[in-house]
Amino acid sequence: MKGKRGFPLMVNLFIVGLIALNSMAIILHSVPEIREHPQLSALFVDFEIFSVVVFTIEYLLRVWACVESEKYRHPFWGRVRFIFSAWALVDLLAILPFYLTLFTTDFGLIRILRILRVVRLYRLTKYSHALGMIKKAINYTKEELILSYTFLLFAMLIVSSIIYYLEHPAQPEAFPSIPASIWWGVVTMTTLGYGDVYPVTVLGKIFGGFVAILGVALFSLPTGILASGFIEQINENKREKRSSKSIKCPHCGEDIRV
């Protein structure tokens, strides 16, 4: 049994390590001194080709073996359904930019496509228990998060409209329209306060202070929702572990630790 479990574990560790190295390579390749060095640049290209080959083989094997799952049982439509599933699309986006750059000489498009390589980072959630729990917490609270962020969006539009009417007469170049005033609303409600656009009238300053305080309270709402979802997932995992370690006695009905 150890041998059967050990091989998949080694494969998963290899894929995780390769994804981590790819992420590091993408970061280092953005450094001009490294990118313009001939030997290092060639090393990055060779590593990219090796990684894409490995990820492509893994992707094709997943597509081929997906019919073993009851969800994708059909030999054709099951595979089509798997290809358009969320995880399969992430795997595809991790390798697709490399193949697309082989058929174009547009360097601007190539740079845009290469940015998509950072999608490989998201693949770590399949192999990391902690990242998987965060994903479950987001899915568990997605309705509440959507509602809270919708409320934040409406609040941002309202305060941007109000500050436009308060400040436009005094500084029309800083608040020329309501859409332009949304930048002030975003910066103020998130309490970043860049200082590039700010109110100068008395009413504008009073309202700006109120919006800054309001922003602290409003933006803590989705944080609390996500935190409660994360705690719920932790408790659920603990319950599953406890239930997996005990069985019911067929005679007395009591839990028996195993």
# chains A, B, ... in the order shown; residues from 1 in each chain; ligands from 1
call {"tool": "select_by_dssp", "arguments": {"residues": "segment 24-238 of chain A", "states": "helix (DSSP H, G or I)", "output": "PyMOL selection string"}}
result
chain A and resi 24-29+32-35+38-68+70-72+77-83+86-103+107-126+129-140+142-167+178-189+202-238
call {"tool": "residues_around", "arguments": {"residues": "segment 189-206 of chain A", "least_positions_apart": "5", "cutoff": "10 Å", "atoms": "only C-alpha atoms", "output": "number ranges by chain"}}
result
A: 152, 155-156, 159, 162-171, 173-175, 181, 183-184, 211-219
call {"tool": "write_last_selection", "arguments": {"atoms": "C-alpha atoms", "output": "short mmCIF file (atom, residue, chain, number, x, y, z; two decimals), in the first residue's frame"}}
result
data_model
loop_
_atom_site.label_atom_id
_atom_site.label_comp_id
_atom_site.auth_asym_id
_atom_site.auth_seq_id
_atom_site.Cartn_x
_atom_site.Cartn_y
_atom_site.Cartn_z
CA LEU A 152 -19.76 48.74 -1.53
CA ALA A 155 -21.89 53.29 -1.79
CA MET A 156 -18.83 54.26 -3.83
CA VAL A 159 -20.23 59.25 -2.40
CA ILE A 162 -21.97 63.77 -3.82
CA ILE A 163 -18.31 64.88 -3.80
CA TYR A 164 -18.64 65.90 -7.45
CA TYR A 165 -21.46 68.33 -6.67
CA LEU A 166 -19.62 69.64 -3.58
CA GLU A 167 -16.19 70.14 -5.17
CA HIS A 168 -16.77 70.68 -8.90
CA PRO A 169 -17.48 74.43 -8.58
CA ALA A 170 -14.27 74.98 -6.54
CA GLN A 171 -11.90 72.74 -8.54
CA GLU A 173 -10.06 70.26 -13.07
CA ALA A 174 -9.83 67.79 -10.14
CA PHE A 175 -13.52 66.79 -10.22
CA SER A 181 -14.64 61.49 -9.09
CA TRP A 183 -11.09 57.65 -8.25
CA TRP A 184 -11.42 59.91 -5.19
CA VAL A 211 -16.48 58.84 3.92
CA ALA A 212 -13.04 57.81 5.22
CA ILE A 213 -14.51 56.64 8.53
CA LEU A 214 -17.40 54.95 6.72
CA GLY A 215 -14.96 53.14 4.42
CA VAL A 216 -13.21 51.45 7.37
CA ALA A 217 -16.54 50.02 8.54
CA LEU A 218 -17.78 49.00 5.10
CA PHE A 219 -14.62 47.26 3.94
#
call {"tool": "residues_around", "arguments": {"residues": "Leu147 of chain A", "least_positions_apart": "5", "cutoff": "12 Å", "atoms": "only C-alpha atoms", "output": "compact mmCIF listing (two decimals) with C-alpha atoms, in the first residue's frame"}}
result
# COMPACT_ATOMS: atom_id res chain seq x y z
CA THR A 141 -19.55 32.62 1.43
CA LYS A 142 -19.73 33.70 -2.23
CA LEU A 152 -19.76 48.74 -1.53
CA LEU A 153 -20.02 49.53 -5.24
CA PHE A 154 -23.30 51.37 -4.76
CA LEU A 221 -17.75 43.65 6.23
CA PRO A 222 -16.45 41.28 3.48
CA ILE A 225 -17.70 37.29 6.08
call {"tool": "closest_residue", "arguments": {"among": "A:Ala25, A:Phe76, A:Met10, A:Arg62", "to": "Val45 of chain A", "atoms": "only C-alpha atoms"}}
result
A:Ala25
call {"tool": "closest_residue", "arguments": {"among": "A:Arg73, A:Ser160, A:Glu236, A:Gly229", "to": "Ile178 of chain A", "atoms": "only C-alpha atoms"}}
result
A:Ser160
call {"tool": "residues_around", "arguments": {"residues": "Gln233 of chain A", "least_positions_apart": "6", "cutoff": "10 Å", "atoms": "only C-alpha atoms", "output": "ChimeraX atom specification"}}
result
/A:133-134,136-137,140,227,239
call {"tool": "closest_residue", "arguments": {"among": "A:Asn12, A:Asn235, A:Val63, A:Ile146", "to": "Trp77 of chain A", "atoms": "only C-alpha atoms"}}
result
A:Val63
call {"tool": "residues_around", "arguments": {"residues": "Leu18 of chain A", "least_positions_apart": "5", "cutoff": "9 Å", "atoms": "only C-alpha atoms", "output": "PDB file with C-alpha atoms, in the first residue's frame"}}
result
ATOM      1  CA  LEU A  13       5.440  16.920  -5.040  1.00  0.00           C
ATOM      2  CA  SER A  23       6.778  31.186 -10.537  1.00  0.00           C
ATOM      3  CA  SER A  51       7.987  22.841 -17.949  1.00  0.00           C
TER       4      SER A  51
END
call {"tool": "decode", "arguments": {"residues": "segment 135-226 of chain A", "atoms": "C-alpha atoms", "output": "PDB file, in the first residue's frame"}}
result
ATOM      1  CA  LYS A 135     -11.058  28.350  -1.998  1.00  0.00           C
ATOM      2  CA  LYS A 136     -13.757  26.403  -0.114  1.00  0.00           C
ATOM      3  CA  ALA A 137     -14.282  29.354   2.234  1.00  0.00           C
ATOM      4  CA  ILE A 138     -14.790  31.694  -0.734  1.00  0.00           C
ATOM      5  CA  ASN A 139     -17.258  29.279  -2.336  1.00  0.00           C
ATOM      6  CA  TYR A 140     -19.063  28.852   1.005  1.00  0.00           C
ATOM      7  CA  THR A 141     -19.546  32.620   1.429  1.00  0.00           C
ATOM      8  CA  LYS A 142     -19.732  33.698  -2.229  1.00  0.00           C
ATOM      9  CA  GLU A 143     -23.338  34.907  -2.028  1.00  0.00           C
ATOM     10  CA  GLU A 144     -22.661  37.055   1.030  1.00  0.00           C
ATOM     11  CA  LEU A 145     -19.445  38.373  -0.540  1.00  0.00           C
ATOM     12  CA  ILE A 146     -21.258  39.309  -3.749  1.00  0.00           C
ATOM     13  CA  LEU A 147     -23.921  41.155  -1.764  1.00  0.00           C
ATOM     14  CA  SER A 148     -21.370  43.017   0.359  1.00  0.00           C
ATOM     15  CA  TYR A 149     -19.242  44.065  -2.625  1.00  0.00           C
ATOM     16  CA  THR A 150     -22.378  45.129  -4.519  1.00  0.00           C
ATOM     17  CA  PHE A 151     -23.308  47.329  -1.554  1.00  0.00           C
ATOM     18  CA  LEU A 152     -19.756  48.739  -1.530  1.00  0.00           C
ATOM     19  CA  LEU A 153     -20.020  49.528  -5.240  1.00  0.00           C
ATOM     20  CA  PHE A 154     -23.304  51.365  -4.761  1.00  0.00           C
ATOM     21  CA  ALA A 155     -21.890  53.287  -1.787  1.00  0.00           C
ATOM     22  CA  MET A 156     -18.827  54.264  -3.835  1.00  0.00           C
ATOM     23  CA  LEU A 157     -20.995  55.576  -6.668  1.00  0.00           C
ATOM     24  CA  ILE A 158     -23.134  57.591  -4.243  1.00  0.00           C
ATOM     25  CA  VAL A 159     -20.228  59.247  -2.401  1.00  0.00           C
ATOM     26  CA  SER A 160     -18.468  59.985  -5.725  1.00  0.00           C
ATOM     27  CA  SER A 161     -21.614  61.706  -7.000  1.00  0.00           C
ATOM     28  CA  ILE A 162     -21.967  63.774  -3.824  1.00  0.00           C
ATOM     29  CA  ILE A 163     -18.310  64.884  -3.797  1.00  0.00           C
ATOM     30  CA  TYR A 164     -18.644  65.901  -7.451  1.00  0.00           C
ATOM     31  CA  TYR A 165     -21.463  68.326  -6.667  1.00  0.00           C
ATOM     32  CA  LEU A 166     -19.624  69.638  -3.582  1.00  0.00           C
ATOM     33  CA  GLU A 167     -16.195  70.142  -5.173  1.00  0.00           C
ATOM     34  CA  HIS A 168     -16.766  70.680  -8.897  1.00  0.00           C
ATOM     35  CA  PRO A 169     -17.478  74.425  -8.582  1.00  0.00           C
ATOM     36  CA  ALA A 170     -14.265  74.977  -6.542  1.00  0.00           C
ATOM     37  CA  GLN A 171     -11.901  72.738  -8.537  1.00  0.00           C
ATOM     38  CA  PRO A 172     -13.403  71.658 -11.882  1.00  0.00           C
ATOM     39  CA  GLU A 173     -10.056  70.263 -13.065  1.00  0.00           C
ATOM     40  CA  ALA A 174      -9.828  67.794 -10.140  1.00  0.00           C
ATOM     41  CA  PHE A 175     -13.524  66.787 -10.218  1.00  0.00           C
ATOM     42  CA  PRO A 176     -14.546  67.284 -13.859  1.00  0.00           C
ATOM     43  CA  SER A 177     -17.240  64.573 -13.828  1.00  0.00           C
ATOM     44  CA  ILE A 178     -18.785  61.865 -11.667  1.00  0.00           C
ATOM     45  CA  PRO A 179     -16.810  59.044 -13.377  1.00  0.00           C
ATOM     46  CA  ALA A 180     -13.573  60.979 -12.720  1.00  0.00           C
ATOM     47  CA  SER A 181     -14.643  61.486  -9.095  1.00  0.00           C
ATOM     48  CA  ILE A 182     -14.902  57.716  -8.604  1.00  0.00           C
ATOM     49  CA  TRP A 183     -11.090  57.649  -8.245  1.00  0.00           C
ATOM     50  CA  TRP A 184     -11.419  59.907  -5.188  1.00  0.00           C
ATOM     51  CA  GLY A 185     -14.175  57.626  -3.862  1.00  0.00           C
ATOM     52  CA  VAL A 186     -12.003  54.517  -4.229  1.00  0.00           C
ATOM     53  CA  VAL A 187      -8.941  56.112  -2.628  1.00  0.00           C
ATOM     54  CA  THR A 188     -10.898  57.650   0.245  1.00  0.00           C
ATOM     55  CA  MET A 189     -13.148  54.690   1.073  1.00  0.00           C
ATOM     56  CA  THR A 190     -10.163  52.322   1.116  1.00  0.00           C
ATOM     57  CA  THR A 191      -8.322  54.894   3.318  1.00  0.00           C
ATOM     58  CA  LEU A 192      -5.285  54.897   1.000  1.00  0.00           C
ATOM     59  CA  GLY A 193      -5.263  58.691   0.692  1.00  0.00           C
ATOM     60  CA  TYR A 194      -2.789  59.261  -2.148  1.00  0.00           C
ATOM     61  CA  GLY A 195      -3.345  63.012  -1.928  1.00  0.00           C
ATOM     62  CA  ASP A 196      -3.488  63.599  -5.703  1.00  0.00           C
ATOM     63  CA  VAL A 197      -7.182  64.565  -5.509  1.00  0.00           C
ATOM     64  CA  TYR A 198      -8.721  65.952  -2.311  1.00  0.00           C
ATOM     65  CA  PRO A 199     -11.546  68.323  -1.294  1.00  0.00           C
ATOM     66  CA  VAL A 200     -10.801  71.970  -0.518  1.00  0.00           C
ATOM     67  CA  THR A 201     -14.234  73.287   0.486  1.00  0.00           C
ATOM     68  CA  VAL A 202     -15.511  73.070   4.054  1.00  0.00           C
ATOM     69  CA  LEU A 203     -18.423  70.809   3.150  1.00  0.00           C
ATOM     70  CA  GLY A 204     -16.137  68.688   0.986  1.00  0.00           C
ATOM     71  CA  LYS A 205     -13.654  68.181   3.818  1.00  0.00           C
ATOM     72  CA  ILE A 206     -16.402  67.269   6.307  1.00  0.00           C
ATOM     73  CA  PHE A 207     -17.923  64.836   3.849  1.00  0.00           C
ATOM     74  CA  GLY A 208     -14.472  63.417   2.982  1.00  0.00           C
ATOM     75  CA  GLY A 209     -13.770  62.691   6.649  1.00  0.00           C
ATOM     76  CA  PHE A 210     -17.136  60.997   7.023  1.00  0.00           C
ATOM     77  CA  VAL A 211     -16.484  58.844   3.924  1.00  0.00           C
ATOM     78  CA  ALA A 212     -13.038  57.810   5.221  1.00  0.00           C
ATOM     79  CA  ILE A 213     -14.514  56.637   8.533  1.00  0.00           C
ATOM     80  CA  LEU A 214     -17.404  54.946   6.719  1.00  0.00           C
ATOM     81  CA  GLY A 215     -14.959  53.136   4.420  1.00  0.00           C
ATOM     82  CA  VAL A 216     -13.208  51.454   7.366  1.00  0.00           C
ATOM     83  CA  ALA A 217     -16.536  50.023   8.542  1.00  0.00           C
ATOM     84  CA  LEU A 218     -17.782  49.003   5.098  1.00  0.00           C
ATOM     85  CA  PHE A 219     -14.615  47.262   3.942  1.00  0.00           C
ATOM     86  CA  SER A 220     -14.423  45.281   7.173  1.00  0.00           C
ATOM     87  CA  LEU A 221     -17.753  43.650   6.234  1.00  0.00           C
ATOM     88  CA  PRO A 222     -16.452  41.279   3.481  1.00  0.00           C
ATOM     89  CA  THR A 223     -13.384  40.579   5.607  1.00  0.00           C
ATOM     90  CA  GLY A 224     -15.568  39.374   8.460  1.00  0.00           C
ATOM     91  CA  ILE A 225     -17.700  37.289   6.078  1.00  0.00           C
ATOM     92  CA  LEU A 226     -14.632  35.590   4.608  1.00  0.00           C
TER      93      LEU A 226
END
